[in-house]
Structure formats: C-alpha cells, structure tokens
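Structure file final_16.txt; described as compact mmCIF, N, CA and C atoms.
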# COMPACT_ATOMS: atom_id res chain seq x y z
N MET A 1 -21.32 -5.95 2.97
CA MET A 1 -22.33 -6.37 2.02
C MET A 1 -21.62 -7.07 0.86
N THR A 2 -22.16 -8.17 0.42
CA THR A 2 -21.55 -8.88 -0.69
C THR A 2 -22.25 -8.52 -1.98
N GLN A 3 -21.53 -8.63 -3.08
CA GLN A 3 -22.10 -8.37 -4.39
C GLN A 3 -22.76 -9.63 -4.90
N ALA A 4 -23.70 -9.46 -5.81
CA ALA A 4 -24.35 -10.62 -6.42
C ALA A 4 -23.31 -11.52 -7.04
N GLY A 5 -23.46 -12.82 -6.82
CA GLY A 5 -22.53 -13.78 -7.39
C GLY A 5 -21.27 -13.98 -6.58
N SER A 6 -21.10 -13.23 -5.51
CA SER A 6 -19.91 -13.37 -4.68
C SER A 6 -20.03 -14.61 -3.80
N THR A 7 -18.89 -15.24 -3.55
CA THR A 7 -18.88 -16.42 -2.70
C THR A 7 -18.54 -16.07 -1.26
N SER A 8 -18.28 -14.79 -0.98
CA SER A 8 -17.94 -14.38 0.38
C SER A 8 -19.20 -14.20 1.21
N SER A 9 -19.12 -14.59 2.47
CA SER A 9 -20.24 -14.34 3.37
C SER A 9 -20.11 -12.90 3.86
N PRO A 10 -21.20 -12.34 4.42
CA PRO A 10 -21.14 -10.95 4.88
C PRO A 10 -20.06 -10.71 5.93
N THR A 11 -19.68 -11.75 6.70
CA THR A 11 -18.68 -11.56 7.75
C THR A 11 -17.25 -11.81 7.25
N GLU A 12 -17.10 -12.34 6.06
CA GLU A 12 -15.78 -12.61 5.50
C GLU A 12 -15.26 -11.41 4.74
N LYS A 13 -14.03 -11.04 5.02
CA LYS A 13 -13.41 -9.97 4.23
C LYS A 13 -12.91 -10.56 2.91
N ARG A 14 -13.05 -9.82 1.88
CA ARG A 14 -12.52 -10.24 0.58
C ARG A 14 -11.00 -10.11 0.62
N ILE A 15 -10.35 -10.97 -0.15
CA ILE A 15 -8.89 -11.04 -0.14
C ILE A 15 -8.31 -10.23 -1.29
N VAL A 16 -7.37 -9.35 -0.94
CA VAL A 16 -6.63 -8.58 -1.93
C VAL A 16 -5.16 -8.97 -1.80
N LEU A 17 -4.57 -9.37 -2.91
CA LEU A 17 -3.13 -9.69 -2.94
C LEU A 17 -2.39 -8.48 -3.49
N VAL A 18 -1.42 -7.99 -2.71
CA VAL A 18 -0.59 -6.87 -3.13
C VAL A 18 0.80 -7.42 -3.45
N VAL A 19 1.26 -7.15 -4.68
CA VAL A 19 2.55 -7.68 -5.14
C VAL A 19 3.47 -6.50 -5.46
N ASP A 20 4.54 -6.38 -4.69
CA ASP A 20 5.50 -5.29 -4.89
C ASP A 20 6.80 -5.70 -4.22
N ASP A 21 7.93 -5.37 -4.82
CA ASP A 21 9.21 -5.74 -4.23
C ASP A 21 9.74 -4.70 -3.24
N THR A 22 8.99 -3.62 -3.03
CA THR A 22 9.42 -2.56 -2.12
C THR A 22 8.62 -2.65 -0.82
N PRO A 23 9.30 -2.94 0.30
CA PRO A 23 8.59 -3.09 1.58
C PRO A 23 7.73 -1.87 1.94
N ASP A 24 8.20 -0.66 1.67
CA ASP A 24 7.41 0.53 2.00
C ASP A 24 6.09 0.56 1.23
N ASN A 25 6.12 0.14 -0.03
CA ASN A 25 4.89 0.10 -0.83
C ASN A 25 3.93 -0.96 -0.29
N LEU A 26 4.46 -2.12 0.10
CA LEU A 26 3.62 -3.16 0.68
C LEU A 26 2.98 -2.67 1.98
N SER A 27 3.74 -1.99 2.80
CA SER A 27 3.23 -1.47 4.06
C SER A 27 2.16 -0.41 3.82
N LEU A 28 2.41 0.49 2.89
CA LEU A 28 1.44 1.53 2.55
C LEU A 28 0.12 0.93 2.08
N MET A 29 0.19 -0.01 1.15
CA MET A 29 -1.02 -0.61 0.59
C MET A 29 -1.74 -1.46 1.63
N SER A 30 -0.99 -2.21 2.44
CA SER A 30 -1.61 -3.01 3.49
C SER A 30 -2.35 -2.13 4.49
N GLY A 31 -1.71 -1.05 4.90
CA GLY A 31 -2.35 -0.13 5.83
C GLY A 31 -3.60 0.51 5.26
N LEU A 32 -3.57 0.82 3.99
CA LEU A 32 -4.70 1.45 3.32
C LEU A 32 -5.90 0.50 3.20
N LEU A 33 -5.63 -0.78 2.95
CA LEU A 33 -6.68 -1.74 2.65
C LEU A 33 -7.16 -2.59 3.83
N LYS A 34 -6.38 -2.67 4.89
CA LYS A 34 -6.62 -3.66 5.95
C LYS A 34 -7.96 -3.53 6.66
N ASP A 35 -8.55 -2.35 6.71
CA ASP A 35 -9.82 -2.20 7.41
C ASP A 35 -10.97 -2.87 6.67
N GLU A 36 -10.91 -2.88 5.34
CA GLU A 36 -12.01 -3.44 4.56
C GLU A 36 -11.72 -4.79 3.94
N TYR A 37 -10.43 -5.14 3.80
CA TYR A 37 -10.05 -6.35 3.09
C TYR A 37 -9.02 -7.14 3.87
N LYS A 38 -8.99 -8.44 3.60
CA LYS A 38 -7.89 -9.27 4.10
C LYS A 38 -6.77 -9.11 3.08
N VAL A 39 -5.64 -8.62 3.52
CA VAL A 39 -4.53 -8.31 2.62
C VAL A 39 -3.46 -9.38 2.72
N LYS A 40 -3.10 -9.93 1.56
CA LYS A 40 -1.96 -10.83 1.47
C LYS A 40 -0.91 -10.10 0.65
N VAL A 41 0.37 -10.35 0.94
CA VAL A 41 1.43 -9.67 0.23
C VAL A 41 2.42 -10.66 -0.35
N ALA A 42 3.04 -10.25 -1.45
CA ALA A 42 4.11 -11.02 -2.07
C ALA A 42 5.14 -10.02 -2.57
N THR A 43 6.42 -10.38 -2.40
CA THR A 43 7.49 -9.49 -2.84
C THR A 43 8.03 -9.86 -4.22
N GLY A 44 7.44 -10.85 -4.84
CA GLY A 44 7.89 -11.25 -6.17
C GLY A 44 6.85 -12.07 -6.90
N GLY A 45 7.10 -12.29 -8.19
CA GLY A 45 6.16 -12.96 -9.05
C GLY A 45 5.87 -14.41 -8.70
N GLU A 46 6.89 -15.18 -8.40
CA GLU A 46 6.67 -16.60 -8.08
C GLU A 46 5.79 -16.75 -6.86
N ARG A 47 6.06 -15.97 -5.82
CA ARG A 47 5.25 -16.02 -4.60
C ARG A 47 3.82 -15.58 -4.90
N ALA A 48 3.66 -14.56 -5.72
CA ALA A 48 2.32 -14.09 -6.09
C ALA A 48 1.53 -15.18 -6.79
N LEU A 49 2.17 -15.89 -7.69
CA LEU A 49 1.48 -16.97 -8.41
C LEU A 49 1.06 -18.08 -7.46
N LYS A 50 1.90 -18.40 -6.47
CA LYS A 50 1.53 -19.42 -5.49
C LYS A 50 0.34 -18.97 -4.64
N ILE A 51 0.35 -17.72 -4.20
CA ILE A 51 -0.77 -17.22 -3.40
C ILE A 51 -2.06 -17.20 -4.23
N ALA A 52 -1.95 -16.85 -5.50
CA ALA A 52 -3.13 -16.81 -6.37
C ALA A 52 -3.76 -18.19 -6.52
N GLN A 53 -2.97 -19.24 -6.34
CA GLN A 53 -3.45 -20.63 -6.46
C GLN A 53 -4.10 -21.15 -5.18
N THR A 54 -4.01 -20.40 -4.08
CA THR A 54 -4.55 -20.89 -2.82
C THR A 54 -6.07 -20.92 -2.84
N ASP A 55 -6.63 -21.61 -1.85
CA ASP A 55 -8.07 -21.68 -1.73
C ASP A 55 -8.47 -21.13 -0.36
N PRO A 56 -9.20 -20.05 -0.28
CA PRO A 56 -9.77 -19.31 -1.40
C PRO A 56 -8.72 -18.40 -2.04
N PRO A 57 -8.87 -18.17 -3.33
CA PRO A 57 -7.92 -17.29 -4.02
C PRO A 57 -8.23 -15.83 -3.71
N PRO A 58 -7.30 -14.94 -4.00
CA PRO A 58 -7.60 -13.52 -3.84
C PRO A 58 -8.71 -13.11 -4.82
N GLN A 59 -9.51 -12.15 -4.41
CA GLN A 59 -10.55 -11.65 -5.29
C GLN A 59 -10.06 -10.51 -6.16
N LEU A 60 -8.85 -10.02 -5.87
CA LEU A 60 -8.24 -8.94 -6.65
C LEU A 60 -6.74 -8.95 -6.40
N ILE A 61 -5.97 -8.60 -7.43
CA ILE A 61 -4.51 -8.49 -7.29
C ILE A 61 -4.07 -7.09 -7.69
N LEU A 62 -3.31 -6.43 -6.80
CA LEU A 62 -2.66 -5.17 -7.11
C LEU A 62 -1.22 -5.52 -7.41
N LEU A 63 -0.77 -5.25 -8.63
CA LEU A 63 0.48 -5.79 -9.13
C LEU A 63 1.43 -4.72 -9.63
N ASP A 64 2.62 -4.69 -9.05
CA ASP A 64 3.70 -3.82 -9.54
C ASP A 64 4.26 -4.43 -10.81
N ILE A 65 4.87 -3.61 -11.65
CA ILE A 65 5.48 -4.13 -12.88
C ILE A 65 6.96 -4.37 -12.71
N MET A 66 7.67 -3.40 -12.18
CA MET A 66 9.13 -3.50 -12.11
C MET A 66 9.57 -4.24 -10.85
N MET A 67 9.84 -5.54 -11.04
CA MET A 67 10.31 -6.39 -9.95
C MET A 67 11.45 -7.25 -10.48
N PRO A 68 12.38 -7.64 -9.61
CA PRO A 68 13.46 -8.52 -10.06
C PRO A 68 12.94 -9.92 -10.37
N GLU A 69 13.66 -10.65 -11.17
CA GLU A 69 13.38 -12.05 -11.53
C GLU A 69 12.18 -12.20 -12.46
N MET A 70 11.02 -11.69 -12.09
CA MET A 70 9.83 -11.80 -12.95
C MET A 70 9.06 -10.49 -12.85
N ASP A 71 8.90 -9.79 -13.97
CA ASP A 71 8.16 -8.53 -13.90
C ASP A 71 6.65 -8.78 -13.89
N GLY A 72 5.91 -7.73 -13.60
CA GLY A 72 4.47 -7.84 -13.49
C GLY A 72 3.80 -8.26 -14.79
N PHE A 73 4.38 -7.89 -15.93
CA PHE A 73 3.81 -8.31 -17.21
C PHE A 73 3.85 -9.83 -17.35
N GLU A 74 4.94 -10.44 -16.91
CA GLU A 74 5.03 -11.91 -16.97
C GLU A 74 4.09 -12.55 -15.95
N VAL A 75 3.94 -11.93 -14.79
CA VAL A 75 3.02 -12.47 -13.78
C VAL A 75 1.60 -12.50 -14.34
N ILE A 76 1.16 -11.40 -14.94
CA ILE A 76 -0.21 -11.40 -15.46
C ILE A 76 -0.37 -12.36 -16.63
N ARG A 77 0.66 -12.51 -17.45
CA ARG A 77 0.58 -13.51 -18.53
C ARG A 77 0.29 -14.90 -17.96
N ARG A 78 1.03 -15.26 -16.91
CA ARG A 78 0.85 -16.58 -16.29
C ARG A 78 -0.51 -16.70 -15.61
N LEU A 79 -0.95 -15.63 -14.95
CA LEU A 79 -2.26 -15.66 -14.30
C LEU A 79 -3.37 -15.87 -15.33
N LYS A 80 -3.29 -15.16 -16.44
CA LYS A 80 -4.35 -15.22 -17.45
C LYS A 80 -4.30 -16.50 -18.27
N ASN A 81 -3.17 -17.21 -18.27
CA ASN A 81 -3.05 -18.48 -18.98
C ASN A 81 -3.43 -19.68 -18.11
N ASP A 82 -3.73 -19.45 -16.85
CA ASP A 82 -4.09 -20.52 -15.93
C ASP A 82 -5.59 -20.46 -15.66
N PRO A 83 -6.33 -21.52 -16.00
CA PRO A 83 -7.78 -21.50 -15.78
C PRO A 83 -8.19 -21.21 -14.33
N LYS A 84 -7.36 -21.58 -13.38
CA LYS A 84 -7.69 -21.37 -11.97
C LYS A 84 -7.58 -19.89 -11.56
N THR A 85 -6.73 -19.13 -12.25
CA THR A 85 -6.49 -17.74 -11.84
C THR A 85 -6.88 -16.71 -12.89
N GLN A 86 -7.30 -17.13 -14.05
CA GLN A 86 -7.52 -16.19 -15.15
C GLN A 86 -8.65 -15.20 -14.90
N SER A 87 -9.58 -15.52 -14.01
CA SER A 87 -10.69 -14.60 -13.77
C SER A 87 -10.43 -13.60 -12.64
N ILE A 88 -9.28 -13.70 -11.98
CA ILE A 88 -8.96 -12.75 -10.90
C ILE A 88 -8.62 -11.40 -11.53
N PRO A 89 -9.34 -10.34 -11.15
CA PRO A 89 -9.01 -9.02 -11.70
C PRO A 89 -7.64 -8.55 -11.21
N VAL A 90 -6.88 -7.94 -12.11
CA VAL A 90 -5.55 -7.43 -11.79
C VAL A 90 -5.54 -5.93 -12.08
N ILE A 91 -5.07 -5.17 -11.10
CA ILE A 91 -4.84 -3.74 -11.28
C ILE A 91 -3.34 -3.53 -11.17
N PHE A 92 -2.74 -2.95 -12.22
CA PHE A 92 -1.33 -2.61 -12.15
C PHE A 92 -1.16 -1.33 -11.36
N LEU A 93 -0.16 -1.31 -10.46
CA LEU A 93 0.29 -0.12 -9.75
C LEU A 93 1.74 0.04 -10.12
N SER A 94 2.06 1.06 -10.89
CA SER A 94 3.42 1.14 -11.41
C SER A 94 3.91 2.56 -11.55
N ALA A 95 5.23 2.71 -11.46
CA ALA A 95 5.87 3.98 -11.76
C ALA A 95 6.04 4.16 -13.28
N LYS A 96 5.80 3.10 -14.03
CA LYS A 96 5.89 3.17 -15.49
C LYS A 96 4.65 3.91 -16.00
N ALA A 97 4.84 5.16 -16.42
CA ALA A 97 3.70 6.01 -16.76
C ALA A 97 3.54 6.26 -18.26
N LEU A 98 4.33 5.61 -19.08
CA LEU A 98 4.21 5.83 -20.52
C LEU A 98 2.93 5.19 -21.05
N PRO A 99 2.30 5.83 -22.04
CA PRO A 99 1.07 5.27 -22.61
C PRO A 99 1.24 3.84 -23.11
N GLU A 100 2.40 3.52 -23.68
CA GLU A 100 2.60 2.16 -24.19
C GLU A 100 2.67 1.11 -23.06
N ASP A 101 3.17 1.51 -21.89
CA ASP A 101 3.18 0.60 -20.74
C ASP A 101 1.75 0.35 -20.27
N ARG A 102 0.97 1.41 -20.17
CA ARG A 102 -0.44 1.29 -19.77
C ARG A 102 -1.18 0.40 -20.77
N GLN A 103 -0.97 0.62 -22.06
CA GLN A 103 -1.66 -0.16 -23.08
C GLN A 103 -1.26 -1.64 -23.01
N LYS A 104 0.04 -1.88 -22.80
CA LYS A 104 0.51 -3.26 -22.68
C LYS A 104 -0.17 -3.96 -21.51
N GLY A 105 -0.28 -3.27 -20.36
CA GLY A 105 -0.93 -3.85 -19.20
C GLY A 105 -2.38 -4.20 -19.46
N ILE A 106 -3.09 -3.30 -20.10
CA ILE A 106 -4.50 -3.55 -20.42
C ILE A 106 -4.61 -4.68 -21.44
N ASP A 107 -3.74 -4.67 -22.45
CA ASP A 107 -3.77 -5.73 -23.47
C ASP A 107 -3.51 -7.11 -22.87
N LEU A 108 -2.71 -7.16 -21.80
CA LEU A 108 -2.41 -8.44 -21.15
C LEU A 108 -3.54 -8.90 -20.22
N GLY A 109 -4.53 -8.05 -20.01
CA GLY A 109 -5.68 -8.48 -19.23
C GLY A 109 -5.95 -7.73 -17.94
N ALA A 110 -5.17 -6.69 -17.65
CA ALA A 110 -5.44 -5.90 -16.44
C ALA A 110 -6.76 -5.15 -16.59
N VAL A 111 -7.48 -5.01 -15.48
CA VAL A 111 -8.73 -4.27 -15.50
C VAL A 111 -8.50 -2.78 -15.27
N ASP A 112 -7.30 -2.43 -14.80
CA ASP A 112 -6.99 -1.03 -14.52
C ASP A 112 -5.48 -0.87 -14.44
N TYR A 113 -5.02 0.37 -14.54
CA TYR A 113 -3.59 0.68 -14.50
C TYR A 113 -3.46 2.01 -13.79
N ILE A 114 -2.83 2.00 -12.62
CA ILE A 114 -2.68 3.20 -11.81
C ILE A 114 -1.19 3.50 -11.68
N THR A 115 -0.83 4.77 -11.92
CA THR A 115 0.58 5.14 -11.81
C THR A 115 0.89 5.65 -10.40
N LYS A 116 2.13 5.38 -9.99
CA LYS A 116 2.64 5.86 -8.71
C LYS A 116 3.22 7.25 -8.93
N PRO A 117 3.23 8.11 -7.93
CA PRO A 117 2.72 7.88 -6.59
C PRO A 117 1.20 7.77 -6.60
N ILE A 118 0.70 6.99 -5.67
CA ILE A 118 -0.73 6.69 -5.66
C ILE A 118 -1.52 7.72 -4.87
N ASP A 119 -2.78 7.83 -5.21
CA ASP A 119 -3.75 8.62 -4.47
C ASP A 119 -4.57 7.60 -3.67
N PRO A 120 -4.47 7.59 -2.34
CA PRO A 120 -5.15 6.57 -1.55
C PRO A 120 -6.65 6.43 -1.84
N MET A 121 -7.35 7.54 -2.00
CA MET A 121 -8.79 7.45 -2.28
C MET A 121 -9.05 6.80 -3.64
N MET A 122 -8.20 7.09 -4.61
CA MET A 122 -8.34 6.48 -5.92
C MET A 122 -8.15 4.96 -5.81
N ILE A 123 -7.16 4.54 -5.06
CA ILE A 123 -6.92 3.10 -4.88
C ILE A 123 -8.15 2.44 -4.28
N LEU A 124 -8.66 3.00 -3.20
CA LEU A 124 -9.84 2.42 -2.55
C LEU A 124 -11.04 2.36 -3.50
N ASP A 125 -11.25 3.42 -4.26
CA ASP A 125 -12.36 3.45 -5.21
C ASP A 125 -12.19 2.40 -6.30
N ARG A 126 -10.98 2.27 -6.84
CA ARG A 126 -10.74 1.33 -7.93
C ARG A 126 -10.82 -0.12 -7.44
N VAL A 127 -10.28 -0.38 -6.24
CA VAL A 127 -10.37 -1.74 -5.67
C VAL A 127 -11.85 -2.10 -5.50
N LYS A 128 -12.60 -1.21 -4.91
CA LYS A 128 -14.02 -1.46 -4.68
C LYS A 128 -14.76 -1.70 -6.00
N ALA A 129 -14.41 -0.96 -7.03
CA ALA A 129 -15.08 -1.09 -8.33
C ALA A 129 -14.78 -2.42 -9.03
N HIS A 130 -13.58 -2.97 -8.79
CA HIS A 130 -13.16 -4.16 -9.55
C HIS A 130 -13.17 -5.46 -8.77
N ILE A 131 -13.34 -5.41 -7.46
CA ILE A 131 -13.24 -6.64 -6.68
C ILE A 131 -14.45 -7.53 -6.94
N LEU A 132 -14.18 -8.83 -7.03
CA LEU A 132 -15.26 -9.80 -7.31
C LEU A 132 -16.14 -10.00 -6.09

Output the structure of this file as structure tokens.
Amino acid sequence: MTQAGSTSSPTEKRIVLVVDDTPDNLSLMSGLLKDEYKVKVATGGERALKIAQTDPPPQLILLDIMMPEMDGFEVIRRLKNDPKTQSIPVIFLSAKALPEDRQKGIDLGAVDYITKPIDPMMILDRVKAHIL
C-alpha cells in the first residue's frame, strides 16, 4: 500500500539506501529490509551521495556515522545542501551513543538517530514511520 503523495506504485518496492563501511552491518540491514524494500548499499560517503542522485532516488537513507574518508555527518550535510536530495529522510545508525552526537545528527537534519547494537523490530518500525 502506498502512502498519500507517494510516487511508488503498489507493486513497486520503496528504495532504502543503507550506508555503512562494515560488510556485516550491510548484510544484517539488507537481510532485515529486503522483504519489504528494495535495498541499495554503499560502503562510503561518496558512493552514497552518487546513489542518492539516481532516478528514482532512495526514499530513505540509513546512515552510519563512523566511516573512513567521509563521516556520516558530512554525508548528511551534503545531502541537505543539495536540492535534489535534501528531502530524503535520513536515519542515523551509529555506535556513537553520546547525547551530543545524537543532537548533532538531529541538528544536521536527520529524522531519527538509532544506536547500535540495533533492535530489528525498532529498525523496521522506524523505517516504516519515516519512509516517503
């Protein structure tokens, strides 16, 4: 079932981009989401930004913070500064559990911030709540 205002047809799966530099985390998230969503993965920020620019773009991004070369905070800064990607909801998934890290993520435009280790049901509920 599609939500009001959605551009997806009832037979099209919505696209979720999972960005994490750890293969096990990508595998875990892909396995968790694949039944309901089309999952795309990126192991770094530059690749994530390229995927976000594709047509159709992802309807939601699950974004790790601690990655080499470009951290998740910089990725979301670039996403939110680009008119083509600024409306894509971003949920941070991070081992960074300090209140100031959570606040920074929200201040940069994330719709949610989930700390690792993850609770699979929580992930599914939050993705469903925030996906366009």

Next item on the list: Fewer than 3 positions away in the same chain doesn't count, so skip those; otherwise give me all residues within 9 Å of segment 62-75 of chain A, counting only C-alpha atoms, as a ChimeraX atom specification.
Entry: /A:16-22,43-46,48-49,78-80,89-96,104-105,108,127

Could the centre and edge lengths of an axis-aligned box, enclosing all atoms of segment 19-35 of chain A in the file with 3 Å extra on each side, be given in Å to one decimal as AutoDock Vina command-line options?
--center_x -0.6 --center_y -3.1 --center_z 1.0 --size_x 26.7 --size_y 15.2 --size_z 18.9

Note to self: Using DSSP secondary structure from the backbone, list all strand (DSSP E) positions within chain A, as a VMD selection string.
What the structure shows: chain A and resid 14 to 19 37 to 42 60 to 63 90 to 94 112 to 115

Notebook entry, point to check: Which one is closest to Pro57 of chain A: A:Ala97, A:Val41, A:Arg102, A:Ile15? Count only N, CA and C atoms.
Noted result: A:Ile15

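The space separating atom N of Lys84 of chain A from atom C of Ala42 of chain A comes to 20.2 Å.
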
Notebook entry, point to check: If you run DSSP on the backbone, which residues of chain A are alpha helix (DSSP H), as a ChimeraX atom specification?
Noted result: /A:23-33,45-52,72-81,99-107,120-130

Item checked: atom CA of Met121 of chain A to atom CA of Gln59 of chain A, distance in Å rounded to a single decimal -> 19.4 Å

Margin query: Please report the interatomic distance between atom N of Lys38 of chain A and atom N of Glu12 of chain A in Å with one decimal.
Written below: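 Result for atom N of Lys38 of chain A versus atom N of Glu12 of chain A: 9.3 Å, one decimal.
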
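Comparing A:Tyr37, A:Asp112, A:Glu100, A:Leu26 by their smallest distance to Arg126 of chain A, the closest is A:Asp112 (using all atoms listed in the file).
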